[in-house]
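data.csv (CSV, C-alpha atoms (C1' of nucleotides))
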```csv
chain,number,residue,atom,x,y,z
A,1043,MET,CA,-0.4,-4.8,-17.3
A,1044,THR,CA,-3.9,-3.6,-16.3
A,1045,ASP,CA,-4.7,-0.1,-15.1
A,1046,ALA,CA,-5.3,-1.5,-11.7
A,1047,THR,CA,-1.8,-2.7,-11.4
A,1048,ILE,CA,-0.3,0.6,-12.7
A,1049,LEU,CA,-2.3,2.4,-10.1
A,1050,TYR,CA,-1.2,0.0,-7.5
A,1051,ASP,CA,2.5,0.4,-8.4
A,1052,LEU,CA,2.2,4.2,-8.4
A,1053,LEU,CA,0.6,4.3,-5.0
A,1054,LYS,CA,3.3,2.1,-3.6
A,1055,GLU,CA,6.0,4.2,-5.1
A,1056,ILE,CA,4.6,7.4,-3.9
A,1057,PHE,CA,4.3,6.0,-0.4
A,1058,PHE,CA,7.9,5.0,-0.4
A,1059,ILE,CA,9.0,8.5,-1.4
A,1060,LEU,CA,6.8,10.2,1.2
A,1061,ASP,CA,7.9,7.7,3.8
A,1062,ASP,CA,11.5,8.3,3.1
A,1063,GLY,CA,11.0,12.1,3.5
A,1064,ASP,CA,9.1,11.5,6.7
A,1065,ARG,CA,11.9,9.4,8.1
A,1066,ARG,CA,14.4,12.2,7.6
A,1067,LEU,CA,12.2,15.0,8.9
A,1068,LEU,CA,11.1,13.0,12.0
A,1069,GLY,CA,14.5,11.7,12.7
A,1070,SER,CA,15.6,15.2,13.4
A,1071,TYR,CA,13.1,15.2,16.3
A,1072,ASN,CA,14.4,11.9,17.5
A,1073,LEU,CA,11.1,10.2,16.3
A,1074,THR,CA,10.4,7.3,14.1
A,1075,VAL,CA,7.4,7.5,11.8
A,1076,ALA,CA,5.5,5.0,14.0
A,1077,ARG,CA,6.2,7.1,17.1
A,1078,TYR,CA,5.1,10.2,15.3
A,1079,TYR,CA,1.7,8.6,14.4
A,1080,ALA,CA,1.3,7.4,18.0
A,1081,LEU,CA,1.9,11.0,19.3
A,1082,PHE,CA,-0.5,12.3,16.7
A,1083,HIS,CA,-3.4,10.0,17.6
A,1084,LEU,CA,-2.8,10.3,21.4
A,1085,GLY,CA,-3.2,14.0,21.0
A,1086,GLU,CA,-6.5,13.6,19.2
A,1087,HIS,CA,-7.9,11.0,21.7
A,1088,PRO,CA,-6.5,11.5,25.2
A,1089,GLY,CA,-7.0,8.4,27.4
A,1090,MET,CA,-7.5,6.1,24.4
A,1091,SER,CA,-6.8,2.4,24.8
A,1092,LEU,CA,-3.9,0.5,23.2
A,1093,ARG,CA,-6.3,-1.5,21.1
A,1094,HIS,CA,-7.9,1.7,19.8
A,1095,LEU,CA,-4.6,3.1,18.9
A,1096,SER,CA,-3.6,-0.1,17.1
A,1097,GLU,CA,-6.7,0.3,14.9
A,1098,LEU,CA,-5.9,3.9,14.0
A,1099,MET,CA,-2.3,3.0,13.3
A,1100,LEU,CA,-3.3,0.0,11.2
A,1101,CYS,CA,-0.8,-2.2,12.9
A,1102,ASP,CA,-0.7,-5.1,15.2
A,1103,LYS,CA,-1.4,-4.5,18.9
A,1104,SER,CA,1.8,-6.1,19.9
A,1105,ASN,CA,3.7,-3.6,17.9
A,1106,THR,CA,1.7,-0.8,19.6
A,1107,THR,CA,2.6,-2.2,23.0
A,1108,ARG,CA,6.3,-1.7,22.1
A,1109,ILE,CA,5.9,1.7,20.5
A,1110,ILE,CA,4.2,2.9,23.6
A,1111,GLN,CA,6.8,1.3,25.8
A,1112,GLY,CA,9.4,3.3,23.9
A,1113,LEU,CA,7.5,6.6,24.2
A,1114,ALA,CA,6.9,6.0,27.9
A,1115,ALA,CA,10.6,5.4,28.4
A,1116,ASP,CA,11.3,8.7,26.7
A,1117,GLY,CA,8.8,10.4,29.0
A,1118,LEU,CA,6.4,11.4,26.3
A,1119,VAL,CA,3.5,9.1,27.1
A,1120,ALA,CA,2.0,7.9,30.4
A,1121,ARG,CA,0.0,4.7,30.9
A,1122,SER,CA,-2.6,4.4,33.6
A,1123,PRO,CA,-5.2,1.7,34.5
A,1124,HIS,CA,-8.7,2.1,33.2
A,1125,GLU,CA,-11.1,3.1,36.0
A,1126,THR,CA,-13.6,0.3,35.6
A,1127,ASP,CA,-12.0,-2.3,33.1
A,1128,GLY,CA,-9.1,-4.1,34.5
A,1129,ARG,CA,-7.9,-5.2,31.1
A,1130,THR,CA,-7.6,-1.8,29.6
A,1131,LEU,CA,-5.0,0.9,29.6
A,1132,ARG,CA,-5.5,4.6,29.4
A,1133,LEU,CA,-2.8,6.3,27.4
A,1134,HIS,CA,-2.0,10.0,27.7
A,1135,LEU,CA,0.6,12.4,26.5
A,1136,THR,CA,2.8,13.9,29.1
A,1137,ASP,CA,3.4,17.7,29.0
A,1138,GLU,CA,6.7,17.0,27.3
A,1139,GLY,CA,4.9,14.8,24.8
A,1140,GLN,CA,2.3,17.5,24.1
A,1141,GLN,CA,5.0,20.1,23.5
A,1142,LEU,CA,6.9,17.8,21.2
A,1143,ARG,CA,3.8,16.8,19.3
A,1144,ALA,CA,2.9,20.5,18.7
A,1145,ARG,CA,6.3,21.3,17.3
A,1146,VAL,CA,6.5,18.2,15.1
A,1147,LEU,CA,3.0,18.5,13.8
A,1148,ALA,CA,3.7,22.0,12.6
A,1149,ALA,CA,6.9,21.0,11.0
A,1150,HIS,CA,5.3,18.1,9.3
A,1151,ALA,CA,2.4,20.2,8.0
A,1152,ALA,CA,4.8,22.7,6.5
A,1153,TYR,CA,6.8,19.9,4.9
A,1154,ASN,CA,3.6,18.5,3.4
A,1155,ARG,CA,2.6,21.9,2.0
A,1156,LYS,CA,6.0,22.1,0.4
A,1157,ARG,CA,5.8,18.5,-1.0
A,1158,PHE,CA,2.3,18.9,-2.5
A,1159,ASP,CA,3.0,22.3,-3.9
A,1160,CYS,CA,4.3,20.6,-7.0
A,1161,ILE,CA,0.7,20.1,-8.2
A,1162,GLU,CA,-1.9,22.8,-8.7
A,1163,GLN,CA,-4.8,23.4,-6.3
A,1164,VAL,CA,-7.3,22.1,-8.8
A,1165,GLU,CA,-5.4,18.9,-9.3
A,1166,GLN,CA,-5.0,18.5,-5.5
A,1167,ASP,CA,-8.8,18.6,-5.3
A,1168,ASN,CA,-9.3,16.1,-8.0
A,1169,LEU,CA,-6.7,13.8,-6.5
A,1170,LEU,CA,-8.4,14.2,-3.1
A,1171,ASP,CA,-11.8,13.2,-4.6
A,1172,GLY,CA,-10.4,10.1,-6.3
A,1173,LEU,CA,-8.4,9.0,-3.3
A,1174,LEU,CA,-11.4,9.4,-1.0
A,1175,LYS,CA,-13.5,7.3,-3.2
A,1176,LEU,CA,-10.8,4.7,-3.4
A,1177,LYS,CA,-10.3,4.6,0.3
A,1178,GLU,CA,-14.1,4.2,0.9
A,1179,GLY,CA,-14.2,1.4,-1.7
A,1180,LEU,CA,-11.2,-0.4,-0.1
A,1181,ARG,CA,-12.7,-0.1,3.3
A,1182,GLY,CA,-15.9,-1.5,1.9
A,1183,LEU,CA,-14.1,-4.5,0.6
A,1184,LEU,CA,-12.8,-5.3,4.0
A,1185,GLN,CA,-16.3,-5.5,5.4
A,1186,GLY,CA,-18.0,-7.3,2.6
B,1193,MET,CA,-5.9,21.0,8.5
B,1194,THR,CA,-4.6,21.9,5.1
B,1195,ASP,CA,-5.4,20.1,1.9
B,1196,ALA,CA,-1.8,18.9,1.7
B,1197,THR,CA,-2.1,17.1,5.0
B,1198,ILE,CA,-5.4,15.5,4.1
B,1199,LEU,CA,-3.9,14.3,0.8
B,1200,TYR,CA,-0.9,12.9,2.7
B,1201,ASP,CA,-3.1,11.1,5.3
B,1202,LEU,CA,-5.2,9.6,2.5
B,1203,LEU,CA,-2.2,8.3,0.6
B,1204,LYS,CA,-0.7,6.8,3.8
B,1205,GLU,CA,-3.9,5.1,4.8
B,1206,ILE,CA,-4.5,3.7,1.4
B,1207,PHE,CA,-1.1,2.3,1.3
B,1208,PHE,CA,-1.6,0.6,4.7
B,1209,ILE,CA,-4.8,-1.0,3.5
B,1210,LEU,CA,-3.3,-2.2,0.3
B,1211,ASP,CA,-0.3,-3.6,2.1
B,1212,ASP,CA,-2.5,-5.4,4.6
B,1213,GLY,CA,-4.4,-7.0,1.8
B,1214,ASP,CA,-1.2,-8.0,0.1
B,1215,ARG,CA,0.1,-9.7,3.2
B,1216,ARG,CA,-3.1,-11.7,3.5
B,1217,LEU,CA,-3.2,-12.7,-0.1
B,1218,LEU,CA,0.4,-13.6,-0.4
B,1219,GLY,CA,0.4,-15.3,3.0
B,1220,SER,CA,-2.1,-17.8,1.5
B,1221,TYR,CA,0.7,-18.8,-0.9
B,1222,ASN,CA,3.2,-19.0,1.9
B,1223,LEU,CA,4.9,-15.8,0.6
B,1224,THR,CA,5.8,-12.5,2.2
B,1225,VAL,CA,5.6,-9.2,0.3
B,1226,ALA,CA,9.4,-9.1,0.0
B,1227,ARG,CA,9.6,-12.7,-1.3
B,1228,TYR,CA,6.8,-11.9,-3.8
B,1229,TYR,CA,8.8,-9.0,-5.2
B,1230,ALA,CA,11.9,-11.1,-5.4
B,1231,LEU,CA,10.0,-13.8,-7.4
B,1232,PHE,CA,8.6,-11.1,-9.6
B,1233,HIS,CA,11.9,-9.6,-10.5
B,1234,LEU,CA,13.7,-12.9,-10.9
B,1235,GLY,CA,11.1,-13.9,-13.4
B,1236,GLU,CA,11.7,-10.7,-15.4
B,1237,HIS,CA,15.5,-11.0,-15.4
B,1238,PRO,CA,16.6,-14.7,-15.2
B,1239,GLY,CA,20.2,-15.0,-14.2
B,1240,MET,CA,20.4,-11.6,-12.6
B,1241,SER,CA,22.9,-10.9,-9.8
B,1242,LEU,CA,22.1,-10.3,-6.2
B,1243,ARG,CA,23.2,-6.7,-6.4
B,1244,HIS,CA,21.0,-6.1,-9.4
B,1245,LEU,CA,18.0,-7.5,-7.5
B,1246,SER,CA,18.8,-5.3,-4.5
B,1247,GLU,CA,18.6,-2.3,-6.7
B,1248,LEU,CA,15.3,-3.3,-8.1
B,1249,MET,CA,13.9,-4.1,-4.7
B,1250,LEU,CA,15.3,-0.8,-3.2
B,1251,CYS,CA,16.8,-2.5,-0.2
B,1252,ASP,CA,20.2,-3.4,1.2
B,1253,LYS,CA,22.1,-6.2,-0.4
B,1254,SER,CA,22.4,-8.0,3.0
B,1255,ASN,CA,18.6,-8.1,3.1
B,1256,THR,CA,18.5,-9.5,-0.4
B,1257,THR,CA,21.0,-12.2,0.6
B,1258,ARG,CA,18.6,-13.4,3.3
B,1259,ILE,CA,15.5,-13.2,1.3
B,1260,ILE,CA,17.1,-15.3,-1.4
B,1261,GLN,CA,18.4,-17.7,1.2
B,1262,GLY,CA,14.8,-18.2,2.3
B,1263,LEU,CA,13.5,-18.7,-1.2
B,1264,ALA,CA,16.3,-21.1,-2.0
B,1265,ALA,CA,15.5,-23.1,1.2
B,1266,ASP,CA,11.9,-23.4,0.0
B,1267,GLY,CA,13.2,-24.7,-3.4
B,1268,LEU,CA,11.9,-21.7,-5.3
B,1269,VAL,CA,15.2,-20.1,-6.3
B,1270,ALA,CA,18.6,-21.6,-7.4
B,1271,ARG,CA,21.9,-19.9,-7.1
B,1272,SER,CA,24.8,-20.7,-9.5
B,1273,PRO,CA,28.2,-19.2,-9.9
B,1274,HIS,CA,28.7,-16.7,-12.7
B,1275,GLU,CA,30.6,-18.1,-15.7
B,1276,THR,CA,33.4,-15.6,-15.7
B,1277,ASP,CA,33.1,-13.4,-12.6
B,1278,GLY,CA,33.9,-15.3,-9.4
B,1279,ARG,CA,32.3,-12.7,-7.2
B,1280,THR,CA,28.9,-12.8,-8.8
B,1281,LEU,CA,25.9,-15.1,-8.4
B,1282,ARG,CA,23.4,-16.0,-11.0
B,1283,LEU,CA,19.9,-16.2,-9.6
B,1284,HIS,CA,17.2,-18.3,-11.3
B,1285,LEU,CA,13.7,-19.5,-10.5
B,1286,THR,CA,13.3,-23.2,-10.2
B,1287,ASP,CA,10.5,-24.9,-12.1
B,1288,GLU,CA,8.5,-24.8,-8.8
B,1289,GLY,CA,9.4,-21.1,-8.4
B,1290,GLN,CA,8.2,-20.3,-11.9
B,1291,GLN,CA,4.9,-22.1,-11.4
B,1292,LEU,CA,4.3,-20.4,-8.1
B,1293,ARG,CA,5.2,-17.0,-9.6
B,1294,ALA,CA,2.7,-17.5,-12.4
B,1295,ARG,CA,-0.1,-18.4,-10.1
B,1296,VAL,CA,0.6,-15.6,-7.6
B,1297,LEU,CA,1.0,-12.9,-10.2
B,1298,ALA,CA,-2.3,-13.9,-11.7
B,1299,ALA,CA,-3.9,-13.9,-8.3
B,1300,HIS,CA,-2.4,-10.5,-7.4
B,1301,ALA,CA,-3.5,-8.9,-10.6
B,1302,ALA,CA,-7.0,-10.2,-10.2
B,1303,TYR,CA,-7.0,-8.9,-6.6
B,1304,ASN,CA,-5.9,-5.5,-7.8
B,1305,ARG,CA,-8.7,-5.4,-10.4
B,1306,LYS,CA,-11.1,-6.3,-7.7
B,1307,ARG,CA,-9.7,-3.7,-5.3
B,1308,PHE,CA,-9.8,-0.9,-7.8
B,1309,ASP,CA,-13.2,-1.8,-9.2
B,1310,CYS,CA,-14.7,0.4,-6.6
B,1311,ILE,CA,-13.9,3.4,-8.7
B,1312,GLU,CA,-15.1,4.0,-12.3
B,1313,GLN,CA,-12.7,3.7,-15.2
B,1314,VAL,CA,-12.8,7.5,-15.9
B,1315,GLU,CA,-11.9,8.1,-12.3
B,1316,GLN,CA,-9.1,5.5,-12.4
B,1317,ASP,CA,-7.7,7.4,-15.3
B,1318,ASN,CA,-8.0,10.8,-13.5
B,1319,LEU,CA,-6.4,9.3,-10.5
B,1320,LEU,CA,-3.6,7.9,-12.6
B,1321,ASP,CA,-2.9,11.3,-14.1
B,1322,GLY,CA,-2.9,13.1,-10.8
B,1323,LEU,CA,-0.7,10.5,-9.1
B,1324,LEU,CA,1.8,10.5,-12.0
B,1325,LYS,CA,2.1,14.3,-11.8
B,1326,LEU,CA,2.5,14.0,-8.0
B,1327,LYS,CA,5.2,11.4,-8.4
B,1328,GLU,CA,7.2,13.5,-10.9
B,1329,GLY,CA,6.8,16.5,-8.6
B,1330,LEU,CA,8.1,14.6,-5.5
B,1331,ARG,CA,11.0,13.2,-7.5
B,1332,GLY,CA,11.8,16.8,-8.6
B,1333,LEU,CA,12.0,17.9,-4.9
B,1334,LEU,CA,14.5,15.1,-4.2
B,1335,GLN,CA,16.8,16.5,-6.9
B,1336,GLY,CA,16.3,20.3,-6.3
C,794,DT,C1',-23.8,-18.5,40.0
C,795,DA,C1',-20.4,-21.1,37.3
C,796,DT,C1',-18.4,-21.7,33.3
C,797,DC,C1',-16.9,-20.6,28.8
C,798,DA,C1',-16.2,-17.2,25.1
C,799,DA,C1',-14.4,-12.9,24.0
C,800,DC,C1',-11.2,-9.2,24.9
C,801,DA,C1',-6.8,-6.2,26.3
C,802,DG,C1',-2.4,-6.4,26.6
C,803,DT,C1',2.2,-8.8,26.7
C,804,DT,C1',5.8,-12.0,25.2
C,805,DG,C1',8.4,-15.2,22.0
C,806,DC,C1',9.8,-15.9,17.6
C,807,DA,C1',10.5,-15.2,12.6
C,808,DT,C1',11.0,-11.9,8.8
C,809,DT,C1',12.4,-7.7,7.1
C,810,DG,C1',15.3,-3.9,7.1
C,811,DT,C1',19.7,-0.9,7.9
C,812,DC,C1',24.6,-0.3,8.8
C,813,DA,C1',29.3,-1.7,9.4
C,814,DA,C1',32.8,-4.9,9.0
C,815,DC,C1',34.6,-8.7,6.7
C,816,DT,C1',36.2,-12.2,2.6
C,817,DA,C1',37.2,-13.2,-1.8
C,818,DA,C1',37.5,-11.8,-6.6
C,819,DT,C1',38.4,-8.4,-10.0
C,820,DT,C1',40.0,-4.2,-12.1
C,821,DG,C1',43.0,-0.4,-12.7
C,822,DC,C1',47.1,1.8,-12.9
C,823,DA,C1',52.0,2.9,-11.8
D,1318,DT,C1',53.6,-7.4,-13.4
D,1319,DG,C1',52.1,-6.3,-8.9
D,1320,DC,C1',49.8,-3.6,-5.5
D,1321,DA,C1',45.8,-0.7,-4.3
D,1322,DA,C1',41.0,0.3,-4.9
D,1323,DT,C1',36.6,-1.4,-6.2
D,1324,DT,C1',33.1,-4.8,-6.3
D,1325,DA,C1',29.9,-9.0,-4.9
D,1326,DG,C1',28.3,-11.3,-1.5
D,1327,DT,C1',28.0,-12.7,3.5
D,1328,DT,C1',27.8,-12.1,8.4
D,1329,DG,C1',26.7,-9.9,12.9
D,1330,DA,C1',24.3,-6.5,15.6
D,1331,DC,C1',20.3,-4.2,16.2
D,1332,DA,C1',15.4,-2.1,15.5
D,1333,DA,C1',10.7,-2.5,13.7
D,1334,DT,C1',6.9,-5.3,12.6
D,1335,DG,C1',3.5,-9.2,12.3
D,1336,DC,C1',1.7,-13.6,14.0
D,1337,DA,C1',0.7,-17.0,17.4
D,1338,DA,C1',0.4,-18.2,21.9
D,1339,DC,C1',-0.1,-16.8,26.4
D,1340,DT,C1',-2.2,-14.3,31.0
D,1341,DG,C1',-5.5,-12.1,33.2
D,1342,DT,C1',-10.1,-9.7,33.0
D,1343,DT,C1',-14.7,-9.2,31.7
D,1344,DG,C1',-19.1,-10.6,29.9
D,1345,DA,C1',-22.8,-13.8,28.5
D,1346,DT,C1',-25.5,-17.5,29.3
D,1347,DA,C1',-27.0,-22.1,30.7
```

Rendering of file as C-alpha cells:
Amino acid sequence: MTDATILYDLLKEIFFILDDGDRRLLGSYNLTVARYYALFHLGEHPGMSLRHLSELMLCDKSNTTRIIQGLAADGLVARSPHETDGRTLRLHLTDEGQQLRARVLAAHAAYNRKRFDCIEQVEQDNLLDGLLKLKEGLRGLLQG
Amino acid sequence: MTDATILYDLLKEIFFILDDGDRRLLGSYNLTVARYYALFHLGEHPGMSLRHLSELMLCDKSNTTRIIQGLAADGLVARSPHETDGRTLRLHLTDEGQQLRARVLAAHAAYNRKRFDCIEQVEQDNLLDGLLKLKEGLRGLLQG
DNA sequence: TATCAACAGTTGCATTGTCAACTAATTGCA
DNA sequence: TGCAATTAGTTGACAATGCAACTGTTGATA
C-alpha cells in the first residue's frame, strides 16, 4: 500500500467522522448537512443563482434544485426571477432563514473548535498548510 | 473565521473533490463507489458473510443486500449457503469479479498516486502525521 | 435576422442509504 | 427437550444524490 492510498483512506475516514458529528448537531436544528451548506453559501452570496450554488456545494444542479425547494417550503429561502435573464433564479434567505443561519453557524463553529482542540495550534497550522497545498493541487488536476 | 473552521472546510472540500474523481474513475469501469468497496473487501475476505461486509462498509445490512444483488446480477459476485449455518451466506468473487477487482484496484492506486503527487514526499509524511493525530483525537471525542 | 449552440433549471430514473418490520434459522436456558 | 431470545438476511417505505433527458431562454454567427 502506497503512501498515497494511506493518505486517501485517512481523509475519507476523517470525513466520515466529521460528517457523522455534523449530522447530529444539525439535526437538532432540523437541518441536513446539505441544507446547512446551502444556508451558509446563500448568506455569503445573496441573490446567487442555483447554478452558482451548485458549484460551491460541489453537487449536481438537480440536487440543488430539490434542496432549495425544501428550504423554500420551510420558509427559509425565497426564489425570485432574475431581472434580465429569464433562465436564471435569484436565491435569497428570508428573515427566518437568516436568523436560523446565524444561530447554526455559531453552534457549528463552536463545535469545530471543540473537535479540533485535540491537536495543538502548531499542528493545526501545519495541517492547514498541507491541506491547502493538496487542495490547490487537486483543483489543478481538474483543469489540466 | 477560526482556524478550526478553515480546517474543517478544507477537509470537506478535499473529500468532495476526491469523491467526485472516484466516481468518474470507477464509472468508467461500470462501478459505483459502494460497489468498488464491496469488491475490495470481498477480495480480502473470500467467503465472508453479508453481515461482516456490512460492518466493514459501515452501512446498514439492507443496503449491503442490495449492493450484492447488483454485483451478483452483473456476474461479479456469487452467493452460496453456509455449510453449517442456514442463516448465513458465503460471498465470493467470480473469476470475472476478481479480474475486474484487480484492474480497478490498480487503476485506483495509480490515480491516487497521481492525485497526491501534487505535494512533496516530505509534506505527504507531515500531512499523514497530522491527519493521524486528528483522527485519534476525533475518535477520542466520540468515546469521552 | 434566423438558426443553432450553449445555458439555467426541472424532471424521471437508478443507486445508495436508513429504519422498521418480517422470515427463517440458531442458540441458550429452564 | 422445548420455548424464548438472538441472529442473518430480505423487504418495504422513504430521503438524498447523481446522471441523462427535457424545456425554455439567451447568445453567437452565418

Within 7 Å of chain B, which residues of chain A show up? Give each one with its shortest atom-to-atom distance in Å (one decimal) and the two atoms involved, counting all atoms listed in the file, rows by chain then rising residue number, as a tab-separated table.
```
residue	atom	partner	partner_atom	distance
A:Ala1046	CA	B:Arg1305	CA	5.3
A:Thr1047	CA	B:Asn1304	CA	6.1
A:Leu1049	CA	B:Leu1320	CA	6.2
A:Leu1052	CA	B:Leu1323	CA	7.0
A:Leu1053	CA	B:Phe1207	CA	6.8
A:Lys1054	CA	B:Phe1207	CA	6.6
A:Ile1056	CA	B:Lys1327	CA	6.1
A:Phe1057	CA	B:Lys1204	CA	6.6
A:Leu1100	CA	B:Phe1208	CA	6.7
A:Ala1151	CA	B:Thr1197	CA	6.2
A:Asn1154	CA	B:Ala1196	CA	5.7
A:Arg1155	CA	B:Ala1196	CA	5.3
A:Arg1157	CA	B:Leu1330	CA	6.4
A:Phe1158	CA	B:Ala1196	CA	5.9
A:Cys1160	CA	B:Gly1329	CA	5.1
A:Ile1161	CA	B:Leu1326	CA	6.4
A:Glu1165	CA	B:Gly1322	CA	6.5
A:Leu1169	CA	B:Gly1322	CA	5.8
A:Leu1170	CA	B:Leu1199	CA	6.0
A:Gly1172	CA	B:Leu1319	CA	5.9
A:Leu1173	CA	B:Leu1202	CA	6.7
A:Lys1175	CA	B:Ile1311	CA	6.8
A:Leu1176	CA	B:Ile1311	CA	6.3
A:Lys1177	CA	B:Ile1206	CA	6.0
A:Gly1179	CA	B:Cys1310	CA	5.0
A:Leu1180	CA	B:Arg1307	CA	6.3
```

Listing only residues of chain C within 9 Å of chain A, what is the closest atom pair and its distance in Å (to one decimal) for each, using all atoms listed in the file, sorted by chain and residue number ascending, as CSV?
```
residue,atom,partner,partner_atom,distance
C:DC800,C1',A:Arg1129,CA,8.1
C:DA801,C1',A:Arg1129,CA,5.0
C:DG802,C1',A:Arg1129,CA,7.2
C:DT803,C1',A:Ser1104,CA,7.3
C:DT804,C1',A:Ser1104,CA,8.9
```

Using only C-alpha atoms (C1' of nucleotides), I'd like a table of the residues in chain D that come within 10 Å of chain A; for each, show the closest atom pair and its distance in Å rounded to one decimal, ordered by chain and ascending number, as a tab-separated table.
```
residue	atom	partner	partner_atom	distance
D:DA1333	C1'	A:Asn1105	CA	8.2
D:DT1334	C1'	A:Asn1105	CA	6.4
D:DG1335	C1'	A:Asp1102	CA	6.5
D:DC1336	C1'	A:Asp1102	CA	8.9
D:DG1341	C1'	A:Arg1129	CA	7.6
D:DT1342	C1'	A:Arg1129	CA	5.4
D:DT1343	C1'	A:Asp1127	CA	7.5
```

Next on the checklist: Between atom CA of A:Leu1095 and atom CA of A:Ala1080, what is the distance in Å, rounded to a tenth?
Outcome noted: 7.4 Å

Next on the checklist: Give me the residues near A:Gly1089 as a list of chain:residue names, where near means some atom within 8 Å (using all atoms listed in the file) and where sequence neighbours in that chain fewer than 2 positions away do not count.
Outcome noted: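 Residues meeting the cut-off are A:Leu1084, A:His1087, A:Ser1091, A:Arg1132, A:Leu1133, A:His1134.
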
Checklist entry - What is the atom C1' of D:DA1338 to atom CA of A:Ala1114 distance in Å? => result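 Computing it gives 25.8 Å between the two atoms.
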
Next on the checklist: If we draw a sphere of 10 Å around (21.1, 0.4, 9.0), which residues have at least one atom in it when counting all atoms listed in the file? Please report them as a ChimeraX atom specification.
Outcome noted: /B:1252 /C:810-813 /D:1331-1332

Checklist entry - Counting only C-alpha atoms (C1' of nucleotides), which residues come within 8 Å of (-1.0, 16.1, 30.4), with the point read in the file's coordinates, and could you list them as a list in words? => result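 Returned residue set, sorted by chain then number, is His1134, Leu1135, Thr1136, Asp1137 and Gln1140 of chain A.
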
Using all atoms listed in the file, I'd like a table of the residues in chain C that come within 9 Å of stretch 1322-1329 of chain D; for each, show the closest atom pair and its distance in Å rounded to one decimal, ordered by chain and ascending number, as JSON lines.
```
{"residue": "C:DA814", "atom": "C1'", "partner": "D:DT1328", "partner_atom": "C1'", "distance": 8.8}
{"residue": "C:DC815", "atom": "C1'", "partner": "D:DT1328", "partner_atom": "C1'", "distance": 7.8}
{"residue": "C:DT816", "atom": "C1'", "partner": "D:DT1327", "partner_atom": "C1'", "distance": 8.3}
{"residue": "C:DA817", "atom": "C1'", "partner": "D:DA1325", "partner_atom": "C1'", "distance": 9.0}
{"residue": "C:DA818", "atom": "C1'", "partner": "D:DT1324", "partner_atom": "C1'", "distance": 8.3}
{"residue": "C:DT819", "atom": "C1'", "partner": "D:DT1324", "partner_atom": "C1'", "distance": 7.4}
{"residue": "C:DT820", "atom": "C1'", "partner": "D:DT1323", "partner_atom": "C1'", "distance": 7.4}
{"residue": "C:DG821", "atom": "C1'", "partner": "D:DA1322", "partner_atom": "C1'", "distance": 8.1}
```

Next on the checklist: Using Å and a single decimal, report how far atom CA of A:Ala1115 sits from atom CA of A:Arg1143.
Outcome noted: 16.1 Å

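Residue nearest A:Met1099, chosen from A:Ala1148, A:Ala1120, A:Val1164, A:Val1075 and counting all atoms listed in the file: A:Val1075.
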
Kindly compute an axis-aligned box around the listed atoms of stretch 803-809 of chain C, allowing 6 Å on each side, and express its centre and edge lengths in Å to one decimal as lines of an AutoDock Vina configuration file.
```
center_x = 7.3
center_y = -11.8
center_z = 16.9
size_x = 22.2
size_y = 20.2
size_z = 31.6
```

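In this comparison, which uses only C-alpha atoms (C1' of nucleotides), the residue of B:Leu1231, B:Ala1299, B:Met1240, B:Leu1223 approaching C:DT808 most closely is B:Leu1223.
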
Please, could N, CA and C atoms be added to stretch 1296-1308 of chain B and the result written as a short mmCIF file (atom, residue, chain, number, x, y, z; two decimals), keeping the file's coordinate frame?
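Contents of selection.cif, as written:
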```cif
data_model
loop_
_atom_site.label_atom_id
_atom_site.label_comp_id
_atom_site.auth_asym_id
_atom_site.auth_seq_id
_atom_site.Cartn_x
_atom_site.Cartn_y
_atom_site.Cartn_z
N VAL B 1296 0.78 -16.76 -8.49
CA VAL B 1296 0.60 -15.60 -7.60
C VAL B 1296 0.47 -14.32 -8.32
N LEU B 1297 1.19 -14.18 -9.42
CA LEU B 1297 1.00 -12.90 -10.20
C LEU B 1297 -0.39 -12.80 -10.70
N ALA B 1298 -0.93 -13.91 -11.18
CA ALA B 1298 -2.30 -13.90 -11.70
C ALA B 1298 -3.26 -13.51 -10.55
N ALA B 1299 -3.05 -14.14 -9.41
CA ALA B 1299 -3.90 -13.90 -8.30
C ALA B 1299 -3.85 -12.43 -7.83
N HIS B 1300 -2.64 -11.92 -7.83
CA HIS B 1300 -2.40 -10.50 -7.40
C HIS B 1300 -3.06 -9.55 -8.35
N ALA B 1301 -2.90 -9.81 -9.63
CA ALA B 1301 -3.50 -8.90 -10.60
C ALA B 1301 -5.02 -8.92 -10.51
N ALA B 1302 -5.59 -10.12 -10.32
CA ALA B 1302 -7.00 -10.20 -10.20
C ALA B 1302 -7.48 -9.46 -8.91
N TYR B 1303 -6.70 -9.62 -7.87
CA TYR B 1303 -7.00 -8.90 -6.60
C TYR B 1303 -6.97 -7.43 -6.80
N ASN B 1304 -5.99 -6.95 -7.54
CA ASN B 1304 -5.90 -5.50 -7.80
C ASN B 1304 -7.11 -5.02 -8.59
N ARG B 1305 -7.49 -5.80 -9.58
CA ARG B 1305 -8.70 -5.40 -10.40
C ARG B 1305 -9.88 -5.28 -9.44
N LYS B 1306 -10.01 -6.27 -8.58
CA LYS B 1306 -11.10 -6.30 -7.70
C LYS B 1306 -11.07 -5.05 -6.74
N ARG B 1307 -9.88 -4.77 -6.26
CA ARG B 1307 -9.70 -3.70 -5.30
C ARG B 1307 -10.02 -2.32 -5.95
N PHE B 1308 -9.62 -2.17 -7.21
CA PHE B 1308 -9.80 -0.90 -7.80
C PHE B 1308 -11.08 -0.76 -8.61
#
```
